[in-house]
file final-v3.txt (compact mmCIF, C-alpha atoms)
# COMPACT_ATOMS: atom_id res chain seq x y z
CA PHE A 1 -26.33 -25.24 -32.19
CA PHE A 2 -27.65 -27.53 -34.87
CA ASN A 3 -26.65 -31.10 -35.44
CA VAL A 4 -24.83 -31.32 -38.71
CA SER A 5 -26.95 -32.86 -41.40
CA MET A 6 -25.62 -34.62 -44.44
CA LYS A 7 -26.88 -31.62 -46.40
CA ILE A 8 -24.29 -29.36 -44.71
CA ILE A 9 -21.50 -31.89 -45.32
CA GLU A 10 -22.56 -32.06 -48.99
CA LYS A 11 -22.40 -28.27 -49.25
CA ILE A 12 -18.96 -28.15 -47.62
CA ASN A 13 -17.78 -30.62 -50.25
CA SER A 14 -19.36 -28.65 -53.12
CA PRO A 15 -17.51 -26.07 -55.20
CA GLU A 16 -18.12 -22.37 -54.66
CA GLY A 17 -20.74 -21.14 -57.08
CA ARG A 18 -23.74 -19.01 -57.77
CA ASN A 19 -25.25 -19.57 -54.32
CA LEU A 20 -22.36 -20.80 -52.17
CA GLU A 21 -19.24 -19.12 -50.81
CA PHE A 22 -16.60 -20.12 -48.26
CA LYS A 23 -14.58 -17.77 -46.05
CA GLU A 24 -11.92 -18.76 -43.55
CA ILE A 25 -12.56 -15.56 -41.58
CA ILE A 26 -14.97 -12.63 -41.87
CA PRO A 27 -13.52 -10.17 -44.37
CA GLU A 28 -12.61 -6.84 -42.75
CA ASN A 29 -13.97 -4.79 -45.64
CA GLU A 30 -17.48 -4.82 -47.10
CA SER A 31 -16.97 -7.89 -49.28
CA ILE A 32 -19.46 -9.88 -47.18
CA ALA A 33 -22.03 -7.13 -47.84
CA LYS A 34 -21.19 -7.24 -51.55
CA THR A 35 -21.82 -11.01 -51.55
CA ALA A 36 -25.10 -10.49 -49.65
CA VAL A 37 -26.22 -7.96 -52.30
CA ALA A 38 -25.23 -10.31 -55.14
CA PHE A 39 -27.06 -13.28 -53.56
CA SER A 40 -30.17 -11.15 -52.87
CA ASN A 41 -30.23 -9.92 -56.47
CA ASP A 42 -30.13 -13.53 -57.64
CA GLY A 43 -31.55 -16.68 -56.05
CA GLY A 44 -30.17 -16.26 -52.53
CA GLY A 45 -27.21 -18.15 -51.13
CA GLU A 46 -25.07 -19.18 -48.19
CA ILE A 47 -21.70 -18.07 -46.90
CA PHE A 48 -19.86 -20.58 -44.72
CA ILE A 49 -17.38 -18.93 -42.35
CA GLY A 50 -14.65 -21.10 -40.87
CA ILE A 51 -13.81 -22.94 -44.08
CA LYS A 52 -10.73 -22.29 -46.17
CA ASN A 53 -11.67 -22.60 -49.83
CA ASN A 54 -8.43 -23.68 -51.47
CA PRO A 55 -7.56 -26.34 -50.46
CA ARG A 56 -10.97 -26.93 -48.81
CA THR A 57 -10.25 -27.20 -45.10
CA ILE A 58 -12.50 -26.75 -42.07
CA THR A 59 -10.56 -24.28 -39.94
CA GLY A 60 -13.48 -23.40 -37.67
CA VAL A 61 -14.42 -20.34 -35.65
CA ASN A 62 -13.49 -19.95 -31.98
CA GLU A 63 -16.55 -20.96 -29.93
CA LYS A 64 -16.27 -17.92 -27.65
CA ASP A 65 -16.36 -15.61 -30.71
CA LEU A 66 -19.53 -17.04 -32.29
CA LEU A 67 -22.00 -14.49 -30.88
CA ILE A 68 -19.66 -11.54 -31.47
CA LEU A 69 -19.09 -12.60 -35.08
CA GLU A 70 -22.80 -13.25 -35.67
CA GLU A 71 -23.53 -9.70 -34.47
CA LYS A 72 -20.70 -8.26 -36.58
CA ILE A 73 -21.98 -9.97 -39.75
CA THR A 74 -25.56 -8.86 -39.09
CA ASN A 75 -24.43 -5.27 -38.48
CA ILE A 76 -22.21 -5.10 -41.60
CA ILE A 77 -25.01 -6.36 -43.85
CA ASN A 78 -27.71 -4.29 -42.16
CA ASP A 79 -25.64 -1.08 -42.21
CA SER A 80 -24.20 -1.51 -45.73
CA CYS A 81 -27.06 -2.82 -47.86
CA PHE A 82 -30.26 -1.28 -49.24
CA PRO A 83 -33.05 -2.31 -49.20
CA THR A 84 -32.65 -4.22 -45.92
CA ILE A 85 -31.58 -7.85 -46.35
CA LEU A 86 -32.93 -10.10 -43.61
CA ILE A 87 -30.31 -12.80 -43.06
CA ASP A 88 -30.07 -15.80 -40.76
CA VAL A 89 -26.76 -16.63 -39.11
CA LEU A 90 -26.53 -20.18 -37.76
CA SER A 91 -23.81 -21.83 -35.71
CA VAL A 92 -23.08 -25.44 -36.65
CA LYS A 93 -20.52 -27.91 -35.34
CA VAL A 94 -18.63 -30.08 -37.82
CA ASN A 95 -15.85 -32.44 -36.70
CA ASP A 96 -15.58 -30.64 -33.33
CA LYS A 97 -15.17 -27.25 -35.06
CA TYR A 98 -17.71 -24.46 -35.16
CA LEU A 99 -18.82 -22.79 -38.37
CA LEU A 100 -21.11 -19.86 -39.03
CA VAL A 101 -23.57 -20.25 -41.88
CA VAL A 102 -24.94 -16.97 -43.21
CA LYS A 103 -28.19 -17.66 -45.09
CA ILE A 104 -29.11 -14.88 -47.50
CA PRO A 105 -32.56 -15.03 -49.08
CA LYS A 106 -33.52 -14.12 -52.62
CA GLY A 107 -34.64 -10.54 -52.34
CA SER A 108 -38.26 -9.62 -53.03
CA ILE A 109 -37.57 -5.97 -54.00
CA PRO A 110 -34.41 -5.81 -56.14
CA PRO A 111 -32.11 -4.27 -57.02
CA TYR A 112 -30.14 -4.51 -53.77
CA PHE A 113 -27.02 -2.39 -53.53
CA LEU A 114 -24.30 -1.10 -51.22
CA LYS A 115 -25.46 2.17 -49.65
CA ALA A 116 -21.98 3.71 -49.77
CA GLU A 117 -21.67 3.15 -53.53
CA GLY A 118 -25.26 3.93 -54.53
CA LYS A 119 -27.52 2.06 -56.93
CA GLU A 120 -25.48 2.69 -60.09
CA LYS A 121 -22.08 1.59 -58.72
CA GLY A 122 -23.11 -0.63 -55.81
CA THR A 123 -25.46 -3.19 -57.36
CA TYR A 124 -23.83 -6.61 -57.69
CA ILE A 125 -24.92 -9.89 -59.19
CA ARG A 126 -23.46 -13.35 -58.86
CA VAL A 127 -21.64 -14.75 -61.89
CA GLY A 128 -20.35 -18.23 -61.13
CA SER A 129 -18.44 -17.94 -57.87
CA SER A 130 -17.71 -14.21 -58.12
CA ASN A 131 -19.54 -10.95 -57.48
CA ARG A 132 -19.77 -8.65 -60.50
CA LEU A 133 -21.04 -5.13 -60.90
CA ALA A 134 -24.51 -5.26 -62.45
CA SER A 135 -24.97 -3.71 -65.88
CA THR A 136 -27.28 -0.74 -66.26
CA GLU A 137 -29.83 -2.96 -68.08
CA ILE A 138 -30.30 -4.95 -64.86
CA LEU A 139 -30.85 -1.78 -62.85
CA HIS A 140 -33.79 -0.50 -64.90
call {"tool": "encode", "arguments": {"input": "final-v3.txt", "output": "structure tokens"}}
result
Amino acid sequence: FFNVSMKIIEKINSPEGRNLEFKEIIPENESIAKTAVAFSNDGGGEIFIGIKNNPRTITGVNEKDLLILEEKITNIINDSCFPTILIDVLSVKVNDKYLLVVKIPKGSIPPYFLKAEGKEKGTYIRVGSSNRLASTEILH
């Protein structure tokens, strides 16, 4: 576990945007993979899990679930995205609550897309704080 730096506190207090997203829990569907694809097709980004976005509240992740959730996130992104996106998942403690920080790098071989949807329908980009389907101009 990492000591919380002021940088993490600053991010928690920042609005969601092009390279930052907050999730109270891991989404059951592939939306975390969609966000990973969008971040990789842009400048990279971070997903904080254990934070409710509106109103911004640190809800935390159960300490005994941290490793299971880290593995789940890694598997979802690894199994759903192409080319492979190499992420880092860190556990941090803030105000006696645990968070997972999923660090997604800027991809070196875009476009990245969801395998199940294919390149044409599964390539996403980040527009503000939302994931949008990439236009065909971006794909070619």
call {"tool": "atom_distance", "arguments": {"input": "final-v3.txt", "atom1": "CA of Gly122 in chain A", "atom2": "CA of Ser91 in chain A"}}
result
29.2 Å
call {"tool": "closest_residue", "arguments": {"input": "final-v3.txt", "among": "A:Val102, A:Ala116, A:Ile58, A:Leu69", "to": "Leu20 in chain A", "atoms": "only C-alpha atoms"}}
result
A:Val102
call {"tool": "atom_distance", "arguments": {"input": "final-v3.txt", "atom1": "CA of Gly50 in chain A", "atom2": "CA of Ile8 in chain A"}}
result
13.3 Å
call {"tool": "residues_around", "arguments": {"input": "final-v3.txt", "residues": "range 31-44 of chain A", "least_positions_apart": "5", "cutoff": "10 Å", "atoms": "all atoms listed in the file", "output": "PyMOL selection string"}}
result
chain A and resi 18-21+23+26+73-87+102-114+122-127+129-134+138
call {"tool": "atom_distance", "arguments": {"input": "final-v3.txt", "atom1": "CA of Asn62 in chain A", "atom2": "CA of Glu28 in chain A"}}
result
17.0 Å
call {"tool": "residues_around", "arguments": {"input": "final-v3.txt", "residues": "Lys11 in chain A", "least_positions_apart": "2", "cutoff": "12 Å", "atoms": "all atoms listed in the file", "output": "JSON, numbers by chain"}}
result
{"A": [4, 5, 6, 7, 8, 9, 13, 14, 15, 16, 17, 19, 20, 21, 22, 45, 46, 47, 48, 51, 56, 101]}
call {"tool": "closest_residue", "arguments": {"input": "final-v3.txt", "among": "A:Lys121, A:Lys115, A:Lys52, A:Lys72", "to": "Leu99 in chain A", "atoms": "all atoms listed in the file"}}
result
A:Lys52
call {"tool": "closest_residue", "arguments": {"input": "final-v3.txt", "among": "A:Ile12, A:Ile25, A:Leu139, A:Val92", "to": "Glu63 in chain A", "atoms": "all atoms listed in the file"}}
result
A:Val92
call {"tool": "closest_residue", "arguments": {"input": "final-v3.txt", "among": "A:Glu10, A:Gly60, A:Asn54, A:Thr136", "to": "Asn95 in chain A", "atoms": "only C-alpha atoms"}}
result
A:Gly60
call {"tool": "decode", "arguments": {"input": "final-v3.txt", "residues": "range 4-126 of chain A", "atoms": "C-alpha atoms", "output": "PDB file, in the first residue's frame"}}
result
ATOM      1  CA  VAL A   4      -1.343   8.935   0.114  1.00  0.00           C
ATOM      2  CA  SER A   5       0.390  11.866  -1.462  1.00  0.00           C
ATOM      3  CA  MET A   6      -1.114  15.290  -1.864  1.00  0.00           C
ATOM      4  CA  LYS A   7      -1.231  14.499  -5.583  1.00  0.00           C
ATOM      5  CA  ILE A   8      -3.851  11.764  -4.969  1.00  0.00           C
ATOM      6  CA  ILE A   9      -5.909  14.058  -2.720  1.00  0.00           C
ATOM      7  CA  GLU A  10      -5.774  16.734  -5.452  1.00  0.00           C
ATOM      8  CA  LYS A  11      -7.014  14.220  -8.026  1.00  0.00           C
ATOM      9  CA  ILE A  12      -9.848  13.067  -5.757  1.00  0.00           C
ATOM     10  CA  ASN A  13     -10.916  16.702  -5.484  1.00  0.00           C
ATOM     11  CA  SER A  14     -10.687  17.271  -9.254  1.00  0.00           C
ATOM     12  CA  PRO A  15     -13.622  16.939 -11.644  1.00  0.00           C
ATOM     13  CA  GLU A  16     -13.925  13.909 -13.893  1.00  0.00           C
ATOM     14  CA  GLY A  17     -12.420  14.670 -17.270  1.00  0.00           C
ATOM     15  CA  ARG A  18     -10.373  13.563 -20.207  1.00  0.00           C
ATOM     16  CA  ASN A  19      -7.970  11.509 -18.089  1.00  0.00           C
ATOM     17  CA  LEU A  20      -9.797  10.942 -14.797  1.00  0.00           C
ATOM     18  CA  GLU A  21     -12.830   8.871 -13.834  1.00  0.00           C
ATOM     19  CA  PHE A  22     -14.385   7.852 -10.517  1.00  0.00           C
ATOM     20  CA  LYS A  23     -16.364   4.676  -9.816  1.00  0.00           C
ATOM     21  CA  GLU A  24     -17.957   3.693  -6.536  1.00  0.00           C
ATOM     22  CA  ILE A  25     -17.747   0.015  -7.525  1.00  0.00           C
ATOM     23  CA  ILE A  26     -16.376  -1.923 -10.489  1.00  0.00           C
ATOM     24  CA  PRO A  27     -19.007  -1.896 -13.223  1.00  0.00           C
ATOM     25  CA  GLU A  28     -20.357  -5.375 -13.961  1.00  0.00           C
ATOM     26  CA  ASN A  29     -20.365  -4.840 -17.721  1.00  0.00           C
ATOM     27  CA  GLU A  30     -17.448  -3.887 -19.958  1.00  0.00           C
ATOM     28  CA  SER A  31     -17.618  -0.149 -19.249  1.00  0.00           C
ATOM     29  CA  ILE A  32     -14.247  -0.267 -17.455  1.00  0.00           C
ATOM     30  CA  ALA A  33     -12.764  -1.822 -20.620  1.00  0.00           C
ATOM     31  CA  LYS A  34     -14.422   0.879 -22.729  1.00  0.00           C
ATOM     32  CA  THR A  35     -12.813   3.546 -20.520  1.00  0.00           C
ATOM     33  CA  ALA A  36      -9.435   1.770 -20.779  1.00  0.00           C
ATOM     34  CA  VAL A  37      -9.733   1.794 -24.596  1.00  0.00           C
ATOM     35  CA  ALA A  38     -10.711   5.490 -24.616  1.00  0.00           C
ATOM     36  CA  PHE A  39      -7.816   6.451 -22.309  1.00  0.00           C
ATOM     37  CA  SER A  40      -5.321   4.372 -24.360  1.00  0.00           C
ATOM     38  CA  ASN A  41      -6.483   6.021 -27.591  1.00  0.00           C
ATOM     39  CA  ASP A  42      -5.887   9.417 -25.993  1.00  0.00           C
ATOM     40  CA  GLY A  43      -3.313  10.516 -23.419  1.00  0.00           C
ATOM     41  CA  GLY A  44      -3.851   7.781 -20.832  1.00  0.00           C
ATOM     42  CA  GLY A  45      -5.752   8.207 -17.585  1.00  0.00           C
ATOM     43  CA  GLU A  46      -6.737   6.934 -14.167  1.00  0.00           C
ATOM     44  CA  ILE A  47      -9.865   5.314 -12.791  1.00  0.00           C
ATOM     45  CA  PHE A  48     -10.364   5.622  -9.040  1.00  0.00           C
ATOM     46  CA  ILE A  49     -12.538   2.843  -7.612  1.00  0.00           C
ATOM     47  CA  GLY A  50     -14.123   3.415  -4.217  1.00  0.00           C
ATOM     48  CA  ILE A  51     -15.196   6.998  -4.875  1.00  0.00           C
ATOM     49  CA  LYS A  52     -18.749   8.073  -5.565  1.00  0.00           C
ATOM     50  CA  ASN A  53     -18.684  10.843  -8.160  1.00  0.00           C
ATOM     51  CA  ASN A  54     -21.808  12.838  -7.376  1.00  0.00           C
ATOM     52  CA  PRO A  55     -21.647  14.039  -4.663  1.00  0.00           C
ATOM     53  CA  ARG A  56     -17.911  13.223  -4.419  1.00  0.00           C
ATOM     54  CA  THR A  57     -17.594  10.826  -1.498  1.00  0.00           C
ATOM     55  CA  ILE A  58     -14.884   8.333  -0.589  1.00  0.00           C
ATOM     56  CA  THR A  59     -16.839   5.119  -0.050  1.00  0.00           C
ATOM     57  CA  GLY A  60     -13.807   2.834  -0.160  1.00  0.00           C
ATOM     58  CA  VAL A  61     -13.271  -0.781  -1.133  1.00  0.00           C
ATOM     59  CA  ASN A  62     -13.337  -3.609   1.405  1.00  0.00           C
ATOM     60  CA  GLU A  63      -9.713  -4.407   2.317  1.00  0.00           C
ATOM     61  CA  LYS A  64     -10.246  -8.163   1.973  1.00  0.00           C
ATOM     62  CA  ASP A  65     -11.540  -7.667  -1.598  1.00  0.00           C
ATOM     63  CA  LEU A  66      -8.586  -5.612  -2.895  1.00  0.00           C
ATOM     64  CA  LEU A  67      -6.635  -8.480  -4.499  1.00  0.00           C
ATOM     65  CA  ILE A  68      -9.762 -10.110  -5.945  1.00  0.00           C
ATOM     66  CA  LEU A  69     -10.889  -6.801  -7.467  1.00  0.00           C
ATOM     67  CA  GLU A  70      -7.407  -6.018  -8.800  1.00  0.00           C
ATOM     68  CA  GLU A  71      -7.392  -9.406 -10.563  1.00  0.00           C
ATOM     69  CA  LYS A  72     -10.933  -8.886 -11.867  1.00  0.00           C
ATOM     70  CA  ILE A  73     -10.054  -5.474 -13.357  1.00  0.00           C
ATOM     71  CA  THR A  74      -6.860  -6.807 -14.935  1.00  0.00           C
ATOM     72  CA  ASN A  75      -8.740  -9.770 -16.440  1.00  0.00           C
ATOM     73  CA  ILE A  76     -11.614  -7.650 -17.820  1.00  0.00           C
ATOM     74  CA  ILE A  77      -9.221  -5.236 -19.537  1.00  0.00           C
ATOM     75  CA  ASN A  78      -6.860  -7.964 -20.734  1.00  0.00           C
ATOM     76  CA  ASP A  79      -9.675 -10.167 -22.086  1.00  0.00           C
ATOM     77  CA  SER A  80     -11.750  -7.359 -23.636  1.00  0.00           C
ATOM     78  CA  CYS A  81      -9.256  -4.997 -25.264  1.00  0.00           C
ATOM     79  CA  PHE A  82      -7.042  -5.204 -28.351  1.00  0.00           C
ATOM     80  CA  PRO A  83      -4.154  -4.563 -28.677  1.00  0.00           C
ATOM     81  CA  THR A  84      -3.196  -5.491 -25.099  1.00  0.00           C
ATOM     82  CA  ILE A  85      -3.317  -2.580 -22.648  1.00  0.00           C
ATOM     83  CA  LEU A  86      -0.774  -2.934 -19.850  1.00  0.00           C
ATOM     84  CA  ILE A  87      -2.344  -1.333 -16.781  1.00  0.00           C
ATOM     85  CA  ASP A  88      -1.189  -0.803 -13.210  1.00  0.00           C
ATOM     86  CA  VAL A  89      -3.635  -1.290 -10.355  1.00  0.00           C
ATOM     87  CA  LEU A  90      -2.559   0.297  -7.071  1.00  0.00           C
ATOM     88  CA  SER A  91      -4.143   0.104  -3.641  1.00  0.00           C
ATOM     89  CA  VAL A  92      -4.071   3.343  -1.670  1.00  0.00           C
ATOM     90  CA  LYS A  93      -5.454   4.249   1.737  1.00  0.00           C
ATOM     91  CA  VAL A  94      -7.235   7.574   2.179  1.00  0.00           C
ATOM     92  CA  ASN A  95      -8.907   8.540   5.464  1.00  0.00           C
ATOM     93  CA  ASP A  96      -8.816   4.895   6.654  1.00  0.00           C
ATOM     94  CA  LYS A  97     -10.544   3.702   3.456  1.00  0.00           C
ATOM     95  CA  TYR A  98      -8.966   1.724   0.656  1.00  0.00           C
ATOM     96  CA  LEU A  99      -9.168   2.765  -2.979  1.00  0.00           C
ATOM     97  CA  LEU A 100      -7.996   1.088  -6.152  1.00  0.00           C
ATOM     98  CA  VAL A 101      -6.303   3.310  -8.706  1.00  0.00           C
ATOM     99  CA  VAL A 102      -6.241   1.875 -12.221  1.00  0.00           C
ATOM    100  CA  LYS A 103      -3.491   3.600 -14.219  1.00  0.00           C
ATOM    101  CA  ILE A 104      -3.983   3.290 -17.968  1.00  0.00           C
ATOM    102  CA  PRO A 105      -1.123   4.425 -20.191  1.00  0.00           C
ATOM    103  CA  LYS A 106      -1.341   6.240 -23.496  1.00  0.00           C
ATOM    104  CA  GLY A 107      -1.199   3.463 -26.036  1.00  0.00           C
ATOM    105  CA  SER A 108       1.742   3.206 -28.413  1.00  0.00           C
ATOM    106  CA  ILE A 109      -0.122   1.305 -31.175  1.00  0.00           C
ATOM    107  CA  PRO A 110      -3.633   2.764 -31.547  1.00  0.00           C
ATOM    108  CA  PRO A 111      -6.411   2.337 -32.297  1.00  0.00           C
ATOM    109  CA  TYR A 112      -7.375   0.279 -29.245  1.00  0.00           C
ATOM    110  CA  PHE A 113     -10.797  -1.330 -29.318  1.00  0.00           C
ATOM    111  CA  LEU A 114     -13.118  -3.800 -27.613  1.00  0.00           C
ATOM    112  CA  LYS A 115     -12.538  -7.261 -29.102  1.00  0.00           C
ATOM    113  CA  ALA A 116     -16.228  -8.191 -28.909  1.00  0.00           C
ATOM    114  CA  GLU A 117     -17.283  -5.149 -30.952  1.00  0.00           C
ATOM    115  CA  GLY A 118     -14.401  -5.090 -33.434  1.00  0.00           C
ATOM    116  CA  LYS A 119     -12.378  -2.121 -34.655  1.00  0.00           C
ATOM    117  CA  GLU A 120     -15.228  -0.310 -36.438  1.00  0.00           C
ATOM    118  CA  LYS A 121     -17.748  -0.408 -33.562  1.00  0.00           C
ATOM    119  CA  GLY A 122     -15.474  -0.891 -30.553  1.00  0.00           C
ATOM    120  CA  THR A 123     -12.973   1.963 -30.794  1.00  0.00           C
ATOM    121  CA  TYR A 124     -13.646   4.667 -28.206  1.00  0.00           C
ATOM    122  CA  ILE A 125     -12.107   8.030 -27.487  1.00  0.00           C
ATOM    123  CA  ARG A 126     -12.438  10.298 -24.498  1.00  0.00           C
TER     124      ARG A 126
END
